[in-house]
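J.: Contents of structure.pdb (PDB, C-alpha atoms, pLDDT in the B column) are below:
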```pdb
ATOM      1  CA  THR L 694      46.490 177.554  80.934  1.00 79.00           C
ATOM      2  CA  LYS L 695      46.211 181.262  81.687  1.00 92.00           C
ATOM      3  CA  ALA L 696      48.045 182.671  84.700  1.00 92.00           C
ATOM      4  CA  GLU L 697      44.780 183.685  86.379  1.00 94.00           C
ATOM      5  CA  GLU L 698      43.557 180.056  86.153  1.00 93.00           C
ATOM      6  CA  ILE L 699      46.517 178.624  88.073  1.00 95.00           C
ATOM      7  CA  VAL L 700      45.467 178.773  91.724  1.00 96.00           C
ATOM      8  CA  PHE L 701      47.607 178.223  94.820  1.00 97.00           C
ATOM      9  CA  ALA L 702      45.605 177.258  97.927  1.00 97.00           C
ATOM     10  CA  VAL L 703      47.425 177.620 101.253  1.00 98.00           C
ATOM     11  CA  ILE L 704      47.124 174.329 103.171  1.00 98.00           C
ATOM     12  CA  ARG L 705      49.320 175.232 106.157  1.00 98.00           C
ATOM     13  CA  PRO L 706      50.036 178.933 106.642  1.00 98.00           C
ATOM     14  CA  PRO L 707      53.423 180.231 107.801  1.00 98.00           C
ATOM     15  CA  ARG L 708      54.056 180.150 111.578  1.00 97.00           C
ATOM     16  CA  LEU L 709      55.900 183.477 111.884  1.00 96.00           C
ATOM     17  CA  GLY L 710      53.952 185.618 109.457  1.00 97.00           C
ATOM     18  CA  GLN L 711      51.153 185.588 106.952  1.00 98.00           C
ATOM     19  CA  ILE L 712      50.574 185.625 103.214  1.00 98.00           C
ATOM     20  CA  GLU L 713      48.785 188.811 102.121  1.00 98.00           C
ATOM     21  CA  ASN L 714      47.583 190.544  98.987  1.00 98.00           C
ATOM     22  CA  ILE L 715      49.048 194.062  98.851  1.00 97.00           C
ATOM     23  CA  LYS L 716      45.589 195.383  97.966  1.00 94.00           C
ATOM     24  CA  LYS L 717      44.275 194.140 101.359  1.00 94.00           C
ATOM     25  CA  ARG L 718      47.230 194.616 103.704  1.00 92.00           C
ATOM     26  CA  PHE L 719      47.319 192.980 107.139  1.00 95.00           C
ATOM     27  CA  THR L 720      44.682 190.418 106.114  1.00 97.00           C
ATOM     28  CA  PRO L 721      45.862 186.840 105.545  1.00 98.00           C
ATOM     29  CA  ILE L 722      44.789 185.198 102.305  1.00 98.00           C
ATOM     30  CA  SER L 723      44.115 181.504 101.775  1.00 98.00           C
ATOM     31  CA  SER L 724      44.630 181.435  98.006  1.00 98.00           C
ATOM     32  CA  PHE L 725      46.179 183.387  95.152  1.00 98.00           C
ATOM     33  CA  THR L 726      46.802 182.970  91.437  1.00 97.00           C
ATOM     34  CA  GLN L 727      49.890 182.849  89.265  1.00 97.00           C
ATOM     35  CA  MET L 728      48.705 186.219  87.901  1.00 97.00           C
ATOM     36  CA  ASP L 729      48.776 187.627  91.467  1.00 97.00           C
ATOM     37  CA  ILE L 730      52.398 186.494  91.733  1.00 98.00           C
ATOM     38  CA  ALA L 731      53.334 187.875  88.301  1.00 96.00           C
ATOM     39  CA  SER L 732      51.730 191.201  89.260  1.00 96.00           C
ATOM     40  CA  GLN L 733      53.706 191.197  92.543  1.00 96.00           C
ATOM     41  CA  ASN L 734      50.504 191.386  94.573  1.00 97.00           C
ATOM     42  CA  VAL L 735      51.375 188.566  97.000  1.00 98.00           C
ATOM     43  CA  VAL L 736      53.635 189.269  99.973  1.00 98.00           C
ATOM     44  CA  TYR L 737      54.908 187.423 103.011  1.00 98.00           C
ATOM     45  CA  HIS L 738      54.448 189.683 106.058  1.00 97.00           C
ATOM     46  CA  HIS L 739      56.790 188.696 108.909  1.00 95.00           C
ATOM     47  CA  LEU L 740      55.047 189.321 112.251  1.00 95.00           C
ATOM     48  CA  THR L 741      57.347 188.165 115.059  1.00 91.00           C
ATOM     49  CA  LYS L 742      60.521 189.500 116.626  1.00 83.00           C
ATOM     50  CA  ASN L 743      62.057 186.181 117.647  1.00 83.00           C
ATOM     51  CA  ASP L 744      65.358 184.894 116.283  1.00 81.00           C
ATOM     52  CA  ILE L 745      63.956 182.056 114.158  1.00 88.00           C
ATOM     53  CA  THR L 746      65.407 182.457 110.665  1.00 92.00           C
ATOM     54  CA  GLU L 747      63.161 180.175 108.605  1.00 96.00           C
ATOM     55  CA  ASP L 748      59.472 179.956 107.864  1.00 98.00           C
ATOM     56  CA  SER L 749      57.426 178.152 105.238  1.00 98.00           C
ATOM     57  CA  PHE L 750      53.933 177.422 104.066  1.00 98.00           C
ATOM     58  CA  THR L 751      52.472 174.470 102.217  1.00 98.00           C
ATOM     59  CA  PHE L 752      50.100 174.789  99.315  1.00 98.00           C
ATOM     60  CA  THR L 753      48.187 172.951  96.635  1.00 97.00           C
ATOM     61  CA  VAL L 754      48.406 174.261  93.086  1.00 97.00           C
ATOM     62  CA  THR L 755      45.867 173.462  90.401  1.00 96.00           C
ATOM     63  CA  ASN L 756      44.934 174.702  86.961  1.00 92.00           C
ATOM     64  CA  GLY L 757      41.320 173.663  87.390  1.00 81.00           C
ATOM     65  CA  LEU L 758      41.663 170.911  84.806  1.00 85.00           C
ATOM     66  CA  SER L 759      44.030 168.279  86.146  1.00 80.00           C
ATOM     67  CA  GLN L 760      45.068 166.783  89.460  1.00 79.00           C
ATOM     68  CA  ALA L 761      46.315 169.232  92.099  1.00 91.00           C
ATOM     69  CA  LYS L 762      49.953 169.186  93.193  1.00 94.00           C
ATOM     70  CA  ASP L 763      51.211 169.911  96.723  1.00 96.00           C
ATOM     71  CA  GLY L 764      54.285 171.946  97.489  1.00 97.00           C
ATOM     72  CA  GLU L 765      56.160 173.802 100.207  1.00 97.00           C
ATOM     73  CA  PHE L 766      57.467 177.343  99.882  1.00 98.00           C
ATOM     74  CA  LYS L 767      60.439 178.116 102.143  1.00 98.00           C
ATOM     75  CA  ILE L 768      61.218 181.596 103.467  1.00 98.00           C
ATOM     76  CA  SER L 769      64.563 182.786 104.852  1.00 96.00           C
ATOM     77  CA  ILE L 770      64.287 185.526 107.492  1.00 94.00           C
ATOM     78  CA  GLN L 771      67.279 187.831 107.825  1.00 87.00           C
ATOM     79  CA  SER L 772      67.857 189.390 111.238  1.00 79.00           C
ATOM     80  CA  MET L 773      67.811 193.184 111.253  1.00 73.00           C
ATOM     81  CA  ASP L 774      69.397 193.590 114.666  1.00 70.00           C
ATOM     82  CA  LYS L 775      72.865 192.053 114.657  1.00 74.00           C
ATOM     83  CA  ILE L 776      74.753 194.924 116.316  1.00 80.00           C
ATOM     84  CA  LEU L 777      73.981 196.040 119.869  1.00 82.00           C
ATOM     85  CA  PRO L 778      73.231 199.722 120.513  1.00 86.00           C
ATOM     86  CA  SER L 779      76.227 201.850 121.475  1.00 90.00           C
ATOM     87  CA  LEU L 780      76.337 204.705 123.961  1.00 93.00           C
ATOM     88  CA  VAL L 781      77.311 208.013 122.333  1.00 93.00           C
ATOM     89  CA  SER L 782      76.948 210.254 125.367  1.00 95.00           C
ATOM     90  CA  ASN L 783      76.430 209.703 129.080  1.00 95.00           C
ATOM     91  CA  SER L 784      77.064 213.058 130.788  1.00 94.00           C
ATOM     92  CA  LEU L 785      76.265 214.276 134.263  1.00 94.00           C
ATOM     93  CA  LEU L 786      72.967 216.152 134.621  1.00 93.00           C
ATOM     94  CA  GLU L 787      73.159 218.915 137.211  1.00 93.00           C
ATOM     95  CA  VAL L 788      69.891 220.002 138.834  1.00 94.00           C
ATOM     96  CA  LEU L 789      69.286 222.656 141.474  1.00 94.00           C
ATOM     97  CA  GLN L 790      67.457 221.339 144.510  1.00 94.00           C
ATOM     98  CA  GLY L 791      63.684 221.685 144.080  1.00 94.00           C
ATOM     99  CA  THR L 792      63.879 222.348 140.312  1.00 95.00           C
ATOM    100  CA  GLU L 793      63.725 220.291 137.163  1.00 92.00           C
ATOM    101  CA  GLU L 794      66.080 219.971 134.222  1.00 94.00           C
ATOM    102  CA  SER L 795      65.484 218.362 130.844  1.00 93.00           C
ATOM    103  CA  LEU L 796      67.343 215.186 130.043  1.00 94.00           C
ATOM    104  CA  THR L 797      68.569 215.699 126.447  1.00 93.00           C
ATOM    105  CA  PRO L 798      70.665 213.763 123.932  1.00 94.00           C
ATOM    106  CA  VAL L 799      73.631 215.846 125.108  1.00 94.00           C
ATOM    107  CA  HIS L 800      73.289 214.028 128.429  1.00 93.00           C
ATOM    108  CA  LEU L 801      72.265 210.564 127.272  1.00 96.00           C
ATOM    109  CA  LYS L 802      72.231 209.199 123.734  1.00 94.00           C
ATOM    110  CA  ALA L 803      72.554 205.769 122.149  1.00 93.00           C
ATOM    111  CA  THR L 804      72.647 204.726 118.500  1.00 90.00           C
ATOM    112  CA  ASP L 805      71.725 201.443 116.865  1.00 87.00           C
ATOM    113  CA  PRO L 806      73.167 201.307 113.339  1.00 83.00           C
ATOM    114  CA  ASP L 807      71.289 198.245 112.116  1.00 78.00           C
ATOM    115  CA  THR L 808      67.783 199.075 113.352  1.00 73.00           C
ATOM    116  CA  ALA L 809      65.528 201.474 111.481  1.00 69.00           C
ATOM    117  CA  ALA L 810      64.548 204.617 113.388  1.00 68.00           C
ATOM    118  CA  GLN L 811      60.820 203.780 113.220  1.00 64.00           C
ATOM    119  CA  ASN L 812      61.452 200.509 115.089  1.00 57.00           C
TER     120      ASN L 812
END
```
Output the structure of this file as structure tokens.
T.:
Amino acid sequence: TKAEEIVFAVIRPPRLGQIENIKKRFTPISSFTQMDIASQNVVYHHLTKNDITEDSFTFTVTNGLSQAKDGEFKISIQSMDKILPSLVSNSLLEVLQGTEESLTPVHLKATDPDTAAQN
């Protein structure tokens, strides 16, 4: 059987994310082939920020010729935010009455070493 003839049909999608084809990002797919997997076109896209560390989806796999077989694919979710932010600076801001002054990182700054800047 050719890889493109082996088809996985998603019976129960993941609860915390979705299965996507990288060619159509952000759109859940209900089936994919072994060729899609071999080409690395199938991704699990995690969508929640809760602390649950496991997800899964169930599927049926068939080659189009014989009886289908059911399976479950388990996914381990690693937390990205294990360390709390730390305060680097917390300095007094002096302002003349009736004026304004910019609050800058010199006055107030925190860092979070295990969270990406874009988050």
J.: From the list L:Ala696, L:Ile715, L:Val754, L:Val703, which residue is nearest L:Ala731 when using all atoms listed in the file?
T.: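 For L:Ala731, the nearest of the given residues is L:Ala696.
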J.: Determine the nearest neighbour of L:Glu698 from the options L:Asn734, L:Ser724, L:Thr755, L:Asn714, counting only C-alpha atoms.
T.: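 When distances to L:Glu698 are compared using only C-alpha atoms, the smallest one comes from L:Thr755.
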J.: Within 10 Å of (48.9, 178.9, 86.3) in the file's own coordinates, which protein, DNA or RNA residues have an atom, counting all atoms listed in the file? List them as a JSON list (two decimals) with C-alpha atoms, in the coordinates of the input.
T.:
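File produced: selection_18.json:
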```json
[["chain", "number", "residue", "atom", "x", "y", "z"],
["L", 694, "THR", "CA", 46.49, 177.55, 80.93],
["L", 695, "LYS", "CA", 46.21, 181.26, 81.69],
["L", 696, "ALA", "CA", 48.04, 182.67, 84.70],
["L", 697, "GLU", "CA", 44.78, 183.68, 86.38],
["L", 698, "GLU", "CA", 43.56, 180.06, 86.15],
["L", 699, "ILE", "CA", 46.52, 178.62, 88.07],
["L", 700, "VAL", "CA", 45.47, 178.77, 91.72],
["L", 701, "PHE", "CA", 47.61, 178.22, 94.82],
["L", 726, "THR", "CA", 46.80, 182.97, 91.44],
["L", 727, "GLN", "CA", 49.89, 182.85, 89.26],
["L", 728, "MET", "CA", 48.70, 186.22, 87.90],
["L", 730, "ILE", "CA", 52.40, 186.49, 91.73],
["L", 754, "VAL", "CA", 48.41, 174.26, 93.09],
["L", 755, "THR", "CA", 45.87, 173.46, 90.40],
["L", 756, "ASN", "CA", 44.93, 174.70, 86.96],
["L", 757, "GLY", "CA", 41.32, 173.66, 87.39]]
```
J.: One decimal, Å: what's the distance from atom CA of L:Thr804 over to atom CA of L:Ser772, could you say?
T.: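 Here the two named atoms are 17.6 Å from each other.
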J.: I need the residue set behind the PyMOL selection byres ((chain L and resi 720) around 12) for this file; please write it as a list in words.
T.: Gly710, Gln711, Ile712, Glu713, Asn714, Ile715, Lys716, Lys717, Arg718, Phe719, Pro721, Ile722, Ser723, Val735, Val736, Tyr737 and His738 of chain L
J.: Between atom CA of L:Leu777 and atom CA of L:Leu709, measure the distance and give it in Å to one decimal.
T.: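 Pair atom CA of L:Leu777 / atom CA of L:Leu709 returns 23.4 Å.
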J.: Please enumerate the residues selected by the PyMOL selection byres ((chain L and resi 780-788) around 8) when evaluated against the supplied file, formatted as a list in words.
T.: Pro778, Ser779, Leu789, Gln790, Thr792, Glu793, Glu794, Leu796, Pro798, Val799, His800, Leu801, Lys802, Ala803 and Thr804 of chain L
J.: Could you give me, as a PyMOL selection string, the residues within 10 Å of L:Thr746, counting only C-alpha atoms and dropping anything in the same chain fewer than 3 positions from it?
T.: chain L and resi 709+743+768-772
J.: For the structure shown, which residues end up in the PyMOL selection byres ((chain L and resi 705) around 9)? Put them as a ChimeraX atom specification, please?
T.: /L:703-704,706-708,749-752
J.: Work out how far apart atom CA of L:Pro806 and atom CA of L:Leu740 are and give it in Å to one decimal.
T.: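 Distance between the two atoms: 21.8 Å.
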J.: Here is a test: counting all atoms listed in the file, which residue of L:Thr808, L:Gln760, L:Thr741, L:Ser795 is nearest to L:Ile776?
T.: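 So, comparing all the options, the nearest one is L:Thr808.
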J.: Quick one: of L:Gly791, L:Ile745, L:Gln733, L:Asp807, who's nearest to L:Asp774, counting all atoms listed in the file?
T.: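 Ranked by minimum distance to L:Asp774, first place goes to L:Asp807.
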